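Structure below is entry.txt: compact mmCIF, C-alpha atoms.
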```txt
# COMPACT_ATOMS: atom_id res chain seq x y z
CA MET A 1 -8.82 12.49 34.15
CA ALA A 2 -11.72 11.44 36.35
CA ASP A 3 -15.33 11.25 35.27
CA SER A 4 -17.21 13.64 37.57
CA GLY A 5 -19.85 10.94 38.03
CA MET A 6 -17.34 8.34 39.20
CA SER A 7 -17.52 7.21 42.84
CA VAL A 8 -13.76 7.39 43.38
CA ALA A 9 -10.79 9.58 42.46
CA PRO A 10 -8.35 9.73 40.86
CA TYR A 11 -9.96 7.67 38.10
CA TRP A 12 -8.83 7.18 34.52
CA GLU A 13 -10.38 5.29 31.63
CA LEU A 14 -8.23 3.32 29.22
CA THR A 15 -9.86 2.35 25.93
CA PHE A 16 -8.54 -0.34 23.57
CA ASP A 17 -9.66 -1.32 20.09
CA ALA A 18 -10.09 -4.91 18.91
CA ASP A 19 -6.40 -5.15 17.96
CA GLY A 20 -5.23 -4.09 21.42
CA ASP A 21 -4.23 -0.56 20.45
CA PRO A 22 -4.96 1.95 23.25
CA ASP A 23 -6.50 5.37 22.89
CA GLY A 24 -3.31 7.41 22.80
CA ALA A 25 -4.66 10.47 24.61
CA GLU A 26 -6.09 8.38 27.46
CA ARG A 27 -2.90 6.37 27.82
CA ASP A 28 -0.71 9.48 27.85
CA ARG A 29 -2.97 11.14 30.41
CA LEU A 30 -2.67 8.15 32.72
CA LEU A 31 1.12 7.97 32.31
CA GLY A 32 1.47 11.70 32.88
CA GLU A 33 -0.82 12.05 35.89
CA VAL A 34 -0.45 8.92 37.99
CA THR A 35 2.73 10.10 39.74
CA ALA A 36 1.45 13.65 40.21
CA HIS A 37 -1.52 12.31 42.16
CA GLY A 38 0.73 10.43 44.55
CA VAL A 39 -0.82 7.07 43.72
CA ARG A 40 0.87 4.09 45.36
CA ASP A 41 -1.65 1.36 44.46
CA LEU A 42 -3.40 1.38 41.07
CA ILE A 43 -6.43 -0.90 40.67
CA VAL A 44 -7.06 -1.69 36.99
CA PHE A 45 -10.47 -3.31 36.29
CA ALA A 46 -11.44 -4.91 32.95
CA HIS A 47 -15.12 -5.61 32.29
CA GLY A 48 -16.46 -8.72 30.57
CA TRP A 49 -19.69 -8.95 28.59
CA ASN A 50 -20.75 -5.36 28.01
CA ASN A 51 -22.27 -3.28 25.25
CA ASP A 52 -21.04 0.28 25.76
CA ARG A 53 -18.83 2.63 27.73
CA SER A 54 -21.69 3.73 29.99
CA GLY A 55 -22.33 0.14 31.05
CA ALA A 56 -18.66 -0.38 31.85
CA THR A 57 -18.46 2.90 33.76
CA ALA A 58 -21.58 1.99 35.78
CA LEU A 59 -19.95 -1.30 36.80
CA TYR A 60 -16.75 0.43 37.87
CA ARG A 61 -18.63 3.15 39.75
CA ARG A 62 -20.53 0.61 41.83
CA PHE A 63 -17.69 -1.85 42.39
CA PHE A 64 -15.15 0.82 43.40
CA ALA A 65 -17.57 2.76 45.64
CA PRO A 66 -16.86 1.03 48.99
CA ILE A 67 -13.06 0.92 48.59
CA PRO A 68 -12.14 4.37 49.99
CA LYS A 69 -13.87 3.55 53.30
CA LEU A 70 -12.38 0.06 53.38
CA ALA A 71 -8.84 1.42 52.95
CA PRO A 72 -9.03 5.06 54.11
CA LYS A 73 -5.28 5.59 54.46
CA ALA A 74 -4.24 3.99 51.18
CA ARG A 75 -3.20 6.13 48.22
CA ILE A 76 -5.26 4.38 45.55
CA GLY A 77 -5.83 5.25 41.92
CA TYR A 78 -8.37 3.56 39.68
CA VAL A 79 -8.44 2.61 36.00
CA GLY A 80 -11.48 1.35 34.11
CA VAL A 81 -10.56 -0.60 30.97
CA VAL A 82 -13.00 -0.24 28.07
CA TRP A 83 -12.68 -2.76 25.26
CA PRO A 84 -15.01 -3.90 22.43
CA SER A 85 -16.91 -6.82 23.92
CA MET A 86 -20.66 -7.33 23.87
CA ARG A 87 -23.55 -8.72 25.88
CA PHE A 88 -26.79 -10.09 24.48
CA CYS A 89 -29.49 -7.76 25.76
CA ASP A 90 -31.76 -10.56 27.00
CA GLU A 91 -29.26 -11.28 29.80
CA PRO A 92 -30.23 -9.45 33.01
CA ILE A 93 -27.52 -8.20 35.38
CA PRO A 94 -28.23 -8.28 39.13
CA ASP A 95 -28.25 -4.82 40.80
CA PHE A 96 -28.56 -3.03 37.46
CA PRO A 97 -31.81 -1.84 35.86
CA LYS A 98 -33.32 -4.53 33.65
CA SER A 99 -33.80 -3.72 30.01
CA VAL A 100 -37.22 -4.32 28.50
CA VAL A 101 -35.63 -7.14 26.50
CA ALA A 102 -34.25 -8.84 29.61
CA THR A 103 -37.58 -8.56 31.43
CA GLU A 104 -39.42 -10.09 28.51
CA ALA A 105 -36.79 -12.84 28.19
CA GLU A 106 -37.39 -13.91 31.81
CA GLU A 107 -41.08 -14.30 31.07
CA ARG A 108 -40.78 -15.84 27.62
CA PRO A 109 -37.35 -16.59 26.10
CA ALA A 110 -37.36 -15.20 22.58
CA PRO A 111 -35.59 -16.95 19.72
CA VAL A 112 -35.33 -13.75 17.66
CA LEU A 113 -32.84 -10.90 17.76
CA ASP A 114 -34.11 -7.78 19.49
CA LYS A 115 -33.20 -4.34 18.19
CA ASP A 116 -30.65 -3.58 20.90
CA THR A 117 -28.78 -6.86 20.37
CA ARG A 118 -28.70 -6.22 16.62
CA HIS A 119 -27.12 -2.82 17.27
CA ALA A 120 -24.61 -4.41 19.65
CA LEU A 121 -23.62 -6.96 17.00
CA LEU A 122 -23.15 -4.17 14.46
CA ASP A 123 -20.94 -2.22 16.87
CA THR A 124 -18.91 -5.32 17.79
CA PHE A 125 -18.49 -6.58 14.21
CA PRO A 126 -18.37 -3.45 12.03
CA GLY A 127 -18.91 -3.90 8.34
CA ARG A 128 -21.23 -6.90 8.83
CA ALA A 129 -24.61 -5.15 8.58
CA THR A 130 -25.87 -7.35 5.74
CA VAL A 131 -24.84 -10.51 7.59
CA VAL A 132 -26.55 -9.37 10.80
CA ASP A 133 -29.73 -8.58 8.88
CA GLN A 134 -29.73 -12.03 7.26
CA ILE A 135 -29.14 -13.75 10.61
CA ALA A 136 -31.97 -11.76 12.22
CA ARG A 137 -34.34 -12.64 9.39
CA MET A 138 -33.54 -16.34 9.62
CA LEU A 139 -34.00 -16.42 13.40
CA GLU A 140 -37.41 -14.84 12.93
CA GLN A 141 -38.58 -16.96 9.99
CA ARG A 142 -36.82 -20.24 11.00
CA PRO A 143 -36.69 -21.67 7.46
CA ALA A 144 -36.59 -25.46 7.84
CA ALA A 145 -33.99 -26.22 5.18
CA GLU A 146 -31.57 -23.34 5.80
CA LEU A 147 -29.82 -24.10 9.09
CA GLU A 148 -26.52 -24.80 7.34
CA GLU A 149 -26.76 -21.40 5.67
CA PHE A 150 -27.41 -19.91 9.12
CA GLY A 151 -24.23 -21.58 10.37
CA ARG A 152 -22.25 -20.17 7.45
CA LEU A 153 -23.49 -16.67 8.22
CA VAL A 154 -22.55 -17.01 11.90
CA ARG A 155 -19.02 -18.05 10.90
CA LEU A 156 -18.81 -15.14 8.49
CA LEU A 157 -19.96 -12.71 11.20
CA VAL A 158 -17.24 -13.69 13.66
CA GLU A 159 -14.60 -14.24 10.96
CA VAL A 160 -13.85 -17.88 11.76
CA LEU A 161 -13.91 -19.81 8.50
CA PRO A 162 -13.40 -23.59 8.17
CA GLY A 163 -9.96 -24.53 6.86
CA GLY A 164 -8.60 -21.03 7.29
CA PRO A 165 -5.84 -19.89 9.62
CA GLN A 166 -7.01 -19.94 13.22
CA PRO A 167 -7.11 -16.61 15.09
CA LEU A 168 -4.43 -15.93 17.67
CA PHE A 169 -5.06 -16.50 21.37
CA ALA A 170 -8.28 -18.53 20.93
CA ALA A 171 -7.33 -21.68 22.84
CA ASP A 172 -6.83 -21.87 26.60
CA THR A 173 -4.97 -25.18 26.43
CA LEU A 174 -2.40 -26.36 23.90
CA ALA A 175 -0.96 -29.79 23.13
CA GLU A 176 2.75 -30.06 22.37
CA GLY A 177 3.36 -30.97 18.75
CA VAL A 178 -0.34 -31.40 18.02
CA PRO A 179 -1.87 -28.92 15.56
CA GLN A 180 -5.16 -27.31 16.52
CA ASN A 181 -8.21 -28.56 14.69
CA ASP A 182 -10.77 -26.18 13.29
CA PRO A 183 -13.35 -25.66 16.09
CA VAL A 184 -16.38 -27.90 15.72
CA LEU A 185 -18.47 -24.93 16.83
CA PHE A 186 -17.74 -23.54 13.36
CA THR A 187 -17.11 -26.64 11.25
CA GLY A 188 -19.62 -29.15 12.56
CA ASP A 189 -23.10 -29.92 11.31
CA THR A 190 -25.16 -26.85 12.23
CA THR A 191 -28.34 -28.83 12.78
CA ALA A 192 -26.65 -31.18 15.24
CA LEU A 193 -25.01 -28.30 17.10
CA CYS A 194 -28.29 -26.39 17.36
CA GLU A 195 -30.06 -29.52 18.60
CA GLU A 196 -27.53 -29.88 21.40
CA PHE A 197 -27.93 -26.26 22.43
CA ALA A 198 -31.72 -26.60 22.30
CA GLN A 199 -31.61 -29.69 24.53
CA THR A 200 -29.34 -27.96 27.05
CA LEU A 201 -31.51 -24.83 27.17
CA ALA A 202 -34.60 -26.95 27.72
CA SER A 203 -32.90 -28.64 30.66
CA VAL A 204 -32.00 -25.40 32.47
CA ARG A 205 -35.14 -23.35 31.85
CA PRO A 206 -38.10 -24.38 34.03
CA GLY A 207 -41.18 -25.24 32.08
CA THR A 208 -39.42 -25.38 28.71
CA GLY A 209 -38.47 -29.05 28.73
CA THR A 210 -39.54 -31.20 25.81
CA ALA A 211 -41.49 -34.40 26.13
CA GLU A 212 -39.45 -37.50 26.88
CA PHE A 213 -37.69 -38.87 23.81
CA ALA A 214 -38.92 -35.89 21.73
CA LEU A 215 -36.28 -34.08 19.69
CA PRO A 216 -36.34 -30.28 20.02
CA ASN A 217 -36.61 -28.05 17.00
CA PRO A 218 -32.96 -27.23 16.18
CA TRP A 219 -33.98 -23.61 15.58
CA ASP A 220 -34.62 -23.42 19.35
CA GLY A 221 -30.85 -23.61 19.76
CA ALA A 222 -29.88 -21.39 16.83
CA LYS A 223 -29.73 -18.15 18.83
CA GLU A 224 -27.53 -19.89 21.39
CA LEU A 225 -25.17 -20.97 18.59
CA LEU A 226 -24.93 -17.31 17.57
CA ARG A 227 -24.41 -16.24 21.19
CA GLN A 228 -21.64 -18.76 21.83
CA ALA A 229 -19.91 -18.04 18.52
CA THR A 230 -19.96 -14.36 19.42
CA TYR A 231 -18.51 -15.11 22.84
CA TYR A 232 -15.79 -17.24 21.23
CA ALA A 233 -14.80 -14.15 19.25
CA MET A 234 -14.85 -12.07 22.46
CA LYS A 235 -12.68 -14.67 24.18
CA ARG A 236 -10.17 -14.42 21.32
CA ARG A 237 -10.31 -10.62 21.44
CA ALA A 238 -9.80 -10.50 25.23
CA GLY A 239 -6.49 -12.31 24.85
CA THR A 240 -5.36 -9.94 22.12
CA VAL A 241 -6.28 -6.80 24.06
CA GLY A 242 -4.62 -8.14 27.21
CA GLU A 243 -1.31 -9.23 25.68
CA ARG A 244 -0.86 -6.61 22.99
CA GLY A 245 -2.54 -3.75 24.80
CA LEU A 246 -2.86 -3.75 28.58
CA GLY A 247 0.39 -5.65 29.23
CA ARG A 248 2.36 -3.05 27.29
CA VAL A 249 0.69 -0.14 29.08
CA VAL A 250 1.49 -1.70 32.47
CA GLY A 251 5.09 -1.94 31.29
CA GLN A 252 5.03 1.76 30.39
CA LEU A 253 3.61 2.57 33.83
CA ALA A 254 6.57 0.78 35.40
CA GLY A 255 8.85 3.04 33.40
CA VAL A 256 7.31 6.34 34.51
CA ALA A 257 6.42 5.28 38.08
CA PRO A 258 8.84 2.55 39.22
CA GLY A 259 7.36 2.37 42.72
CA LEU A 260 3.76 2.00 41.56
CA ARG A 261 1.96 -1.18 42.66
CA VAL A 262 -0.52 -2.39 40.01
CA HIS A 263 -3.47 -4.66 40.82
CA LEU A 264 -5.33 -6.23 37.90
CA VAL A 265 -9.00 -7.18 38.27
CA GLY A 266 -11.11 -8.81 35.57
CA HIS A 267 -14.70 -9.99 35.32
CA SER A 268 -15.74 -12.76 32.90
CA PHE A 269 -13.73 -12.32 29.67
CA GLY A 270 -12.07 -9.38 31.40
CA GLY A 271 -10.44 -12.01 33.60
CA ARG A 272 -8.92 -13.54 30.50
CA LEU A 273 -7.84 -10.09 29.37
CA VAL A 274 -5.93 -9.24 32.56
CA SER A 275 -4.41 -12.75 32.66
CA PHE A 276 -3.07 -12.40 29.12
CA ALA A 277 -1.71 -8.99 30.12
CA LEU A 278 0.86 -10.94 32.14
CA ARG A 279 2.16 -12.43 28.87
CA GLY A 280 2.50 -8.93 27.46
CA LEU A 281 4.60 -7.54 30.31
CA PRO A 282 8.09 -6.50 29.19
CA ASP A 283 10.95 -8.52 30.64
CA GLY A 284 12.02 -7.36 34.08
CA VAL A 285 8.73 -5.65 34.96
CA HIS A 286 7.53 -6.67 38.43
CA THR A 287 4.97 -3.96 39.03
CA VAL A 288 1.91 -6.28 39.09
CA LYS A 289 1.34 -7.12 42.77
CA SER A 290 -1.96 -9.02 42.47
CA VAL A 291 -4.50 -10.34 39.98
CA THR A 292 -8.11 -10.97 41.00
CA LEU A 293 -10.42 -12.91 38.67
CA LEU A 294 -14.17 -12.49 39.18
CA GLN A 295 -16.19 -15.24 37.47
CA GLY A 296 -13.43 -15.71 34.89
CA ALA A 297 -14.81 -16.98 31.56
CA PHE A 298 -11.85 -19.07 30.43
CA SER A 299 -10.57 -22.58 31.05
CA HIS A 300 -9.82 -23.62 34.62
CA TYR A 301 -6.73 -25.31 33.14
CA ALA A 302 -5.34 -22.13 31.56
CA PHE A 303 -2.47 -21.93 34.09
CA ALA A 304 -1.89 -25.69 34.35
CA PRO A 305 1.56 -27.07 33.41
CA ARG A 306 -0.10 -30.36 32.39
CA LEU A 307 -3.70 -31.41 31.86
CA PRO A 308 -5.01 -34.34 33.92
CA HIS A 309 -6.52 -35.96 30.81
CA ASP A 310 -3.61 -35.27 28.39
CA ALA A 311 0.02 -35.24 29.58
CA ARG A 312 1.10 -33.65 26.27
CA ALA A 313 -0.99 -30.54 26.85
CA GLY A 314 -0.81 -27.60 29.20
CA GLY A 315 -2.50 -24.29 29.75
CA VAL A 316 -1.75 -21.43 27.39
CA LEU A 317 -0.89 -19.29 30.45
CA GLN A 318 1.19 -21.88 32.29
CA GLY A 319 3.74 -20.20 34.53
CA GLN A 320 2.34 -16.70 33.97
CA GLU A 321 1.21 -16.51 37.59
CA ASN A 322 4.94 -16.22 38.36
CA ARG A 323 4.93 -12.78 36.70
CA ILE A 324 2.88 -11.53 39.66
CA ASP A 325 4.71 -10.26 42.71
CA GLY A 326 1.88 -11.59 44.85
CA PRO A 327 -1.16 -13.86 44.47
CA LEU A 328 -3.48 -14.74 41.62
CA VAL A 329 -6.89 -14.93 43.31
CA CYS A 330 -9.71 -16.69 41.47
CA CYS A 331 -13.22 -16.05 42.80
CA TYR A 332 -15.78 -18.60 41.63
CA SER A 333 -19.39 -19.64 42.28
CA HIS A 334 -21.38 -22.77 41.45
CA PHE A 335 -24.37 -20.47 40.95
CA ASP A 336 -22.80 -19.19 37.72
CA GLY A 337 -25.04 -20.87 35.14
CA ALA A 338 -23.32 -19.30 32.14
CA LEU A 339 -20.01 -20.90 33.12
CA GLY A 340 -21.42 -24.08 34.66
CA THR A 341 -23.66 -25.12 31.78
CA MET A 342 -23.25 -23.31 28.48
CA TYR A 343 -19.52 -22.55 28.71
CA PRO A 344 -18.29 -26.17 28.95
CA LEU A 345 -20.64 -27.22 26.17
CA ALA A 346 -19.50 -24.44 23.85
CA SER A 347 -15.85 -24.95 24.81
CA ARG A 348 -16.14 -28.64 24.05
CA MET A 349 -17.55 -27.81 20.63
CA ALA A 350 -14.87 -25.20 20.00
CA ASP A 351 -11.87 -27.28 21.02
CA ASP A 352 -12.45 -30.84 19.88
CA ASP A 353 -14.21 -32.87 17.22
CA GLU A 354 -15.72 -35.70 19.25
CA SER A 355 -19.42 -35.81 20.06
CA VAL A 356 -20.46 -34.28 23.37
CA LEU A 357 -23.64 -36.31 23.50
CA GLY A 358 -23.85 -38.46 26.59
CA LEU A 359 -21.49 -36.29 28.66
CA ASN A 360 -22.97 -34.72 31.78
CA VAL A 361 -22.42 -30.95 31.93
CA GLY A 362 -21.80 -31.09 35.65
CA GLY A 363 -19.66 -34.23 35.39
CA ALA A 364 -17.22 -35.25 32.65
CA LEU A 365 -17.98 -32.27 30.43
CA GLY A 366 -17.76 -29.74 33.25
CA ALA A 367 -14.57 -31.28 34.65
CA ARG A 368 -12.72 -31.33 31.35
CA TRP A 369 -14.03 -28.13 29.82
CA GLY A 370 -14.92 -26.12 32.91
CA ALA A 371 -14.33 -22.42 33.53
CA MET A 372 -12.35 -20.55 36.18
CA GLY A 373 -15.45 -18.81 37.45
CA HIS A 374 -17.32 -22.03 38.11
CA ASP A 375 -14.80 -24.09 40.09
CA GLY A 376 -11.54 -22.15 40.26
CA VAL A 377 -7.98 -22.75 39.04
CA GLN A 378 -7.34 -26.45 38.43
CA ALA A 379 -4.21 -28.64 38.07
CA VAL A 380 -1.74 -25.99 39.28
CA PRO A 381 0.41 -27.46 42.07
CA GLY A 382 0.28 -25.53 45.33
CA THR A 383 -3.06 -23.84 44.67
CA ARG A 384 -4.78 -22.91 47.92
CA SER A 385 -8.56 -23.10 48.41
CA LEU A 386 -10.55 -20.86 50.76
CA ASP A 387 -14.16 -19.95 51.35
CA LEU A 388 -15.03 -16.26 51.25
CA ALA A 389 -14.98 -15.79 55.02
CA ALA A 390 -11.47 -17.28 55.28
CA ALA A 391 -10.25 -15.15 52.39
CA LEU A 392 -11.51 -12.01 54.09
CA ARG A 393 -9.67 -12.93 57.27
CA GLY A 394 -6.51 -13.08 55.16
CA PRO A 395 -3.71 -12.89 54.56
CA LEU A 396 -3.55 -13.52 50.80
CA ALA A 397 -0.11 -12.04 50.30
CA ALA A 398 1.82 -15.19 49.34
CA PRO A 399 2.52 -15.71 45.61
CA GLY A 400 0.72 -18.47 43.76
CA CYS A 401 -2.87 -19.31 42.92
CA VAL A 402 -5.68 -19.00 45.46
CA ASN A 403 -9.23 -20.21 44.81
CA VAL A 404 -11.96 -18.37 46.72
CA ASP A 405 -15.47 -19.83 46.78
CA ALA A 406 -17.57 -16.66 46.52
CA ALA A 407 -20.96 -18.41 46.31
CA ALA A 408 -21.96 -16.81 49.62
CA VAL A 409 -22.49 -13.53 47.73
CA VAL A 410 -22.31 -14.45 44.01
CA SER A 411 -25.67 -16.22 43.93
CA ARG A 412 -28.36 -14.22 42.14
CA GLY A 413 -29.54 -14.48 38.56
CA GLY A 414 -31.94 -16.50 36.45
CA PRO A 415 -31.26 -19.07 33.72
CA PRO A 416 -29.34 -19.54 31.57
CA CYS A 417 -26.65 -17.16 32.91
CA GLY A 418 -27.37 -17.49 36.63
CA ALA A 419 -25.09 -15.44 38.88
CA HIS A 420 -22.42 -14.77 36.27
CA SER A 421 -22.71 -10.98 36.58
CA ASP A 422 -23.57 -10.83 40.29
CA ILE A 423 -20.22 -9.35 41.29
CA VAL A 424 -21.00 -5.94 42.79
CA HIS A 425 -20.45 -6.77 46.47
CA PRO A 426 -18.26 -5.03 49.08
CA GLU A 427 -16.94 -8.47 50.05
CA LEU A 428 -15.38 -8.86 46.60
CA ALA A 429 -13.89 -5.38 46.81
CA ARG A 430 -12.34 -6.49 50.12
CA VAL A 431 -10.87 -9.55 48.36
CA VAL A 432 -9.16 -7.23 45.87
CA LEU A 433 -7.69 -5.21 48.73
CA ALA A 434 -6.58 -8.33 50.58
CA ALA A 435 -4.97 -9.80 47.47
CA GLY A 436 -2.99 -6.62 46.90
CA ARG A 437 -2.10 -5.93 50.55
CA ILE A 438 -3.71 -2.52 50.08
CA GLY A 439 -4.28 -0.52 53.25
```
Show me this structure written as structure tokens.
Amino acid sequence: MADSGMSVAPYWELTFDADGDPDGAERDRLLGEVTAHGVRDLIVFAHGWNNDRSGATALYRRFFAPIPKLAPKARIGYVGVVWPSMRFCDEPIPDFPKSVVATEAEERPAPVLDKDTRHALLDTFPGRATVVDQIARMLEQRPAAELEEFGRLVRLLVEVLPGGPQPLFAADTLAEGVPQNDPVLFTGDTTALCEEFAQTLASVRPGTGTAEFALPNPWDGAKELLRQATYYAMKRRAGTVGERGLGRVVGQLAGVAPGLRVHLVGHSFGGRLVSFALRGLPDGVHTVKSVTLLQGAFSHYAFAPRLPHDARAGGVLQGQENRIDGPLVCCYSHFDGALGTMYPLASRMADDDESVLGLNVGGALGARWGAMGHDGVQAVPGTRSLDLAAALRGPLAAPGCVNVDAAAVVSRGGPPCGAHSDIVHPELARVVLAAGRIG
């Protein structure tokens, strides 16, 4: 059951593969033990960008640690979801030891693939060793006439090919009767895409700006193209694991422990995962009592019945908040650089075929293609908005969407990701408890 090094008990891990299939032994252990331990409230946490089980477990250990003292009389159980996502190793995480790669990246951003990131790509996309080697070589050598070949290799790595059938669960918004176009992130001119990423990176990294009117070398944006394409694949995978995997397991929990109260928590793409788990709940299951999104890396319109800029379109999760017997709480921070700058740019490239040039990331681009974790749930009638202090005073028990500005604590981290992973705070653990009426 519990890892002896975990900060709380009882604790279970629940591992899913890329298709959403759970580890059978872990699932059966959870189903068989949760009632025996007298658990009334089960907190299920799904990580976001992460490279291995130890990294996920470390996050859960630190986030869960203050909860027993915050709710001493509650009968709480804990589940850590482990799913095949990945983080580029040059991205530091506040409160966690910095890798050598991340330390070097802060001093001098490197356009090449480090050894650890190459291993992470191989683990995340098995069977693509030759492709990863070719991509690494090209990023190191930067051959002037081969950017289009680089783009082809990136598409091959993440299995998104122009003209082919689009993967399930990729889009966060859908237009009625309008077929999805192939994402420009994978079909557009690679040189132009890399130039846009290079310009954006130059604008957010101090001292790396180019001279006025000078065009950056498109290879300066090539690694970011790879990073965003990889994250697009993780976004797609998070939806699959949530709907086909976690949603079904929550349904099975309702069958073996009808009185169990389940509370879903997700960070980054893990927020997308637990939100799609609502779509996977069997009919008649009302065991989910709260959902808390921490810096959710998916569209702020995902739950919207209609988009402000397109009356034909709505969010892919519209109405799913009604599957919760309690609130959907979205914690966000304007200090999240990953979601405030690179996410809307990459989302714009992935979801439409018009040029993004001339759109301000913090203005039109951010408003239309923004993320949950940057400005909260948008265009859902009745959504309440609170600052962190007000949220902690409570109550948060009413159903519906609640935006919580967590910038008071989610604030640390350097460019380009900013505070995206700065989530280990007792205040956020208290938000989870308040959302679930725990203790």
Checklist entry - Using only C-alpha atoms, which residues sit within 9 Å of Gly259 of chain A once same-chain residues fewer than 4 positions away are excluded, as a list in words? => result Arg40, Ala254 and Thr287 of chain A
Checklist entry - If you count only C-alpha atoms, which residues fall within 10 Å of segment 378-392 of chain A, apart from same-chain ones fewer than 3 positions away, as number ranges by chain? => result A: 299-308, 314-315, 318-319, 328-332, 367, 370-372, 375, 395-396, 399-409, 427-428, 430-435
Item to check | Proximity to Ser411 of chain A - best of A:Asp336, A:Asp116, A:Asp189, A:Asp123, all atoms listed in the file | outcome: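 The closest residue to Ser411 of chain A is A:Asp336.
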Next on the checklist: I need the residue nearest Arg312 of chain A from this list: A:Gln295, A:Thr173, A:Gln228, A:Ser203. Use only C-alpha atoms for the distance.
Outcome noted: A:Thr173
Checklist entry - What is the atom CA of Ala297 of chain A to atom CA of Asn217 of chain A distance in Å? => result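 A separation of 28.5 Å between them.
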Item to check | Nearest to Asp90 of chain A by atom-to-atom distance, counting only C-alpha atoms, from A:Leu42, A:Ala120, A:Met234, A:Ala74 | outcome: A:Ala120
Checklist entry - Could you tell me, as a list in words, which residues have any atom at most 7 Å from (-32.9, -5.3, 22.2), counting only C-alpha atoms? => result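 In the file's frame, the residues around the point are Cys89, Val101, Asp114, Lys115, Asp116 and Thr117 of chain A.
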Item to check | Top pick for closest residue to Trp83 of chain A, considering A:Arg248, A:His374, A:Arg27, A:Arg237 and counting all atoms listed in the file | outcome: A:Arg237
Next on the checklist: I'd like to know which of A:Arg272, A:Leu31, A:Asp19, A:Leu345 is closest to Val249 of chain A, using all atoms listed in the file.
Outcome noted: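 Using all atoms listed in the file, Val249 of chain A sits closest to A:Leu31.
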For segment 24-34 of chain A, I'd like the enclosing box, axis-aligned and padded by 4 Å on every side, reported as lines of an AutoDock Vina configuration file with centre and edge lengths in Å to one decimal.
```
center_x = -2.3
center_y = 9.2
center_z = 30.4
size_x = 15.6
size_y = 13.7
size_z = 23.2
```
Item to check | Point (-30.2, -17.5, 38.8) neighbourhood (10 Å, all atoms listed in the file) written as a ChimeraX atom specification | outcome: /A:92,94,335-338,410-420,422
Checklist entry - Quick one: distance from atom CA of Ala192 of chain A to atom CA of Val131 of chain A in Å, one decimal? => result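 Separating atom CA of Ala192 of chain A from atom CA of Val131 of chain A is a distance of 22.1 Å.
The two atoms in question, atom CA of Val291 of chain A and atom CA of Ala46 of chain A, are spaced 11.3 Å apart.
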Item to check | Selected residue, from A:Pro10, A:Gly439, A:Gly239, A:Ala71, that lies nearest to Ala36 of chain A when counting all atoms listed in the file | outcome: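 Selected residue with least distance to Ala36 of chain A: A:Pro10.
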Next on the checklist: Could you list, as number ranges by chain, every residue within 10 Å of Gly32 of chain A, counting all atoms listed in the file and ignoring same-chain residues fewer than 4 positions away?
Outcome noted: A: 26-28, 36-37, 253, 256-257
Compile a residue-level contact table for segment 197-305 of chain A against segment 54-67 of chain A at a cut-off of 12 Å, reporting for every qualifying residue the shortest atom pair and its distance in Å to one decimal, with all atoms listed in the file counted, rows ordered by chain and ascending number, as a tab-separated table.
```
residue	atom	partner	partner_atom	distance
A:Val265	CA	A:Tyr60	CA	10.9
A:Gly266	CA	A:Tyr60	CA	11.1
A:His267	CA	A:Leu59	CA	10.3
A:Gly270	CA	A:Ala56	CA	11.2
A:Leu294	CA	A:Phe63	CA	11.7
```
Repair of segment 316-323 of chain A at the level of N, CA, C and O atoms, as a PDB file, in the frame of the given file:
```pdb
ATOM      1  N   VAL A 316      -2.418 -22.439  28.220  1.00  0.00           N
ATOM      2  CA  VAL A 316      -1.750 -21.430  27.390  1.00  0.00           C
ATOM      3  C   VAL A 316      -1.083 -20.366  28.267  1.00  0.00           C
ATOM      4  O   VAL A 316      -0.181 -19.663  27.800  1.00  0.00           O
ATOM      5  N   LEU A 317      -1.475 -20.268  29.536  1.00  0.00           N
ATOM      6  CA  LEU A 317      -0.890 -19.290  30.450  1.00  0.00           C
ATOM      7  C   LEU A 317      -0.022 -19.951  31.518  1.00  0.00           C
ATOM      8  O   LEU A 317       0.274 -19.324  32.547  1.00  0.00           O
ATOM      9  N   GLN A 318       0.401 -21.175  31.284  1.00  0.00           N
ATOM     10  CA  GLN A 318       1.190 -21.880  32.290  1.00  0.00           C
ATOM     11  C   GLN A 318       2.417 -21.067  32.691  1.00  0.00           C
ATOM     12  O   GLN A 318       3.161 -20.554  31.861  1.00  0.00           O
ATOM     13  N   GLY A 319       2.612 -20.932  34.002  1.00  0.00           N
ATOM     14  CA  GLY A 319       3.740 -20.200  34.530  1.00  0.00           C
ATOM     15  C   GLY A 319       3.561 -18.693  34.602  1.00  0.00           C
ATOM     16  O   GLY A 319       4.372 -18.001  35.223  1.00  0.00           O
ATOM     17  N   GLN A 320       2.508 -18.153  33.988  1.00  0.00           N
ATOM     18  CA  GLN A 320       2.340 -16.700  33.970  1.00  0.00           C
ATOM     19  C   GLN A 320       2.006 -16.142  35.349  1.00  0.00           C
ATOM     20  O   GLN A 320       2.246 -14.955  35.613  1.00  0.00           O
ATOM     21  N   GLU A 321       1.472 -16.986  36.234  1.00  0.00           N
ATOM     22  CA  GLU A 321       1.210 -16.510  37.590  1.00  0.00           C
ATOM     23  C   GLU A 321       2.510 -16.093  38.290  1.00  0.00           C
ATOM     24  O   GLU A 321       2.487 -15.322  39.257  1.00  0.00           O
ATOM     25  N   ASN A 322       3.640 -16.584  37.782  1.00  0.00           N
ATOM     26  CA  ASN A 322       4.940 -16.220  38.360  1.00  0.00           C
ATOM     27  C   ASN A 322       5.366 -14.800  37.981  1.00  0.00           C
ATOM     28  O   ASN A 322       6.348 -14.284  38.531  1.00  0.00           O
ATOM     29  N   ARG A 323       4.653 -14.174  37.046  1.00  0.00           N
ATOM     30  CA  ARG A 323       4.930 -12.780  36.700  1.00  0.00           C
ATOM     31  C   ARG A 323       4.340 -11.818  37.724  1.00  0.00           C
ATOM     32  O   ARG A 323       4.571 -10.601  37.654  1.00  0.00           O
TER      33      ARG A 323
END
```
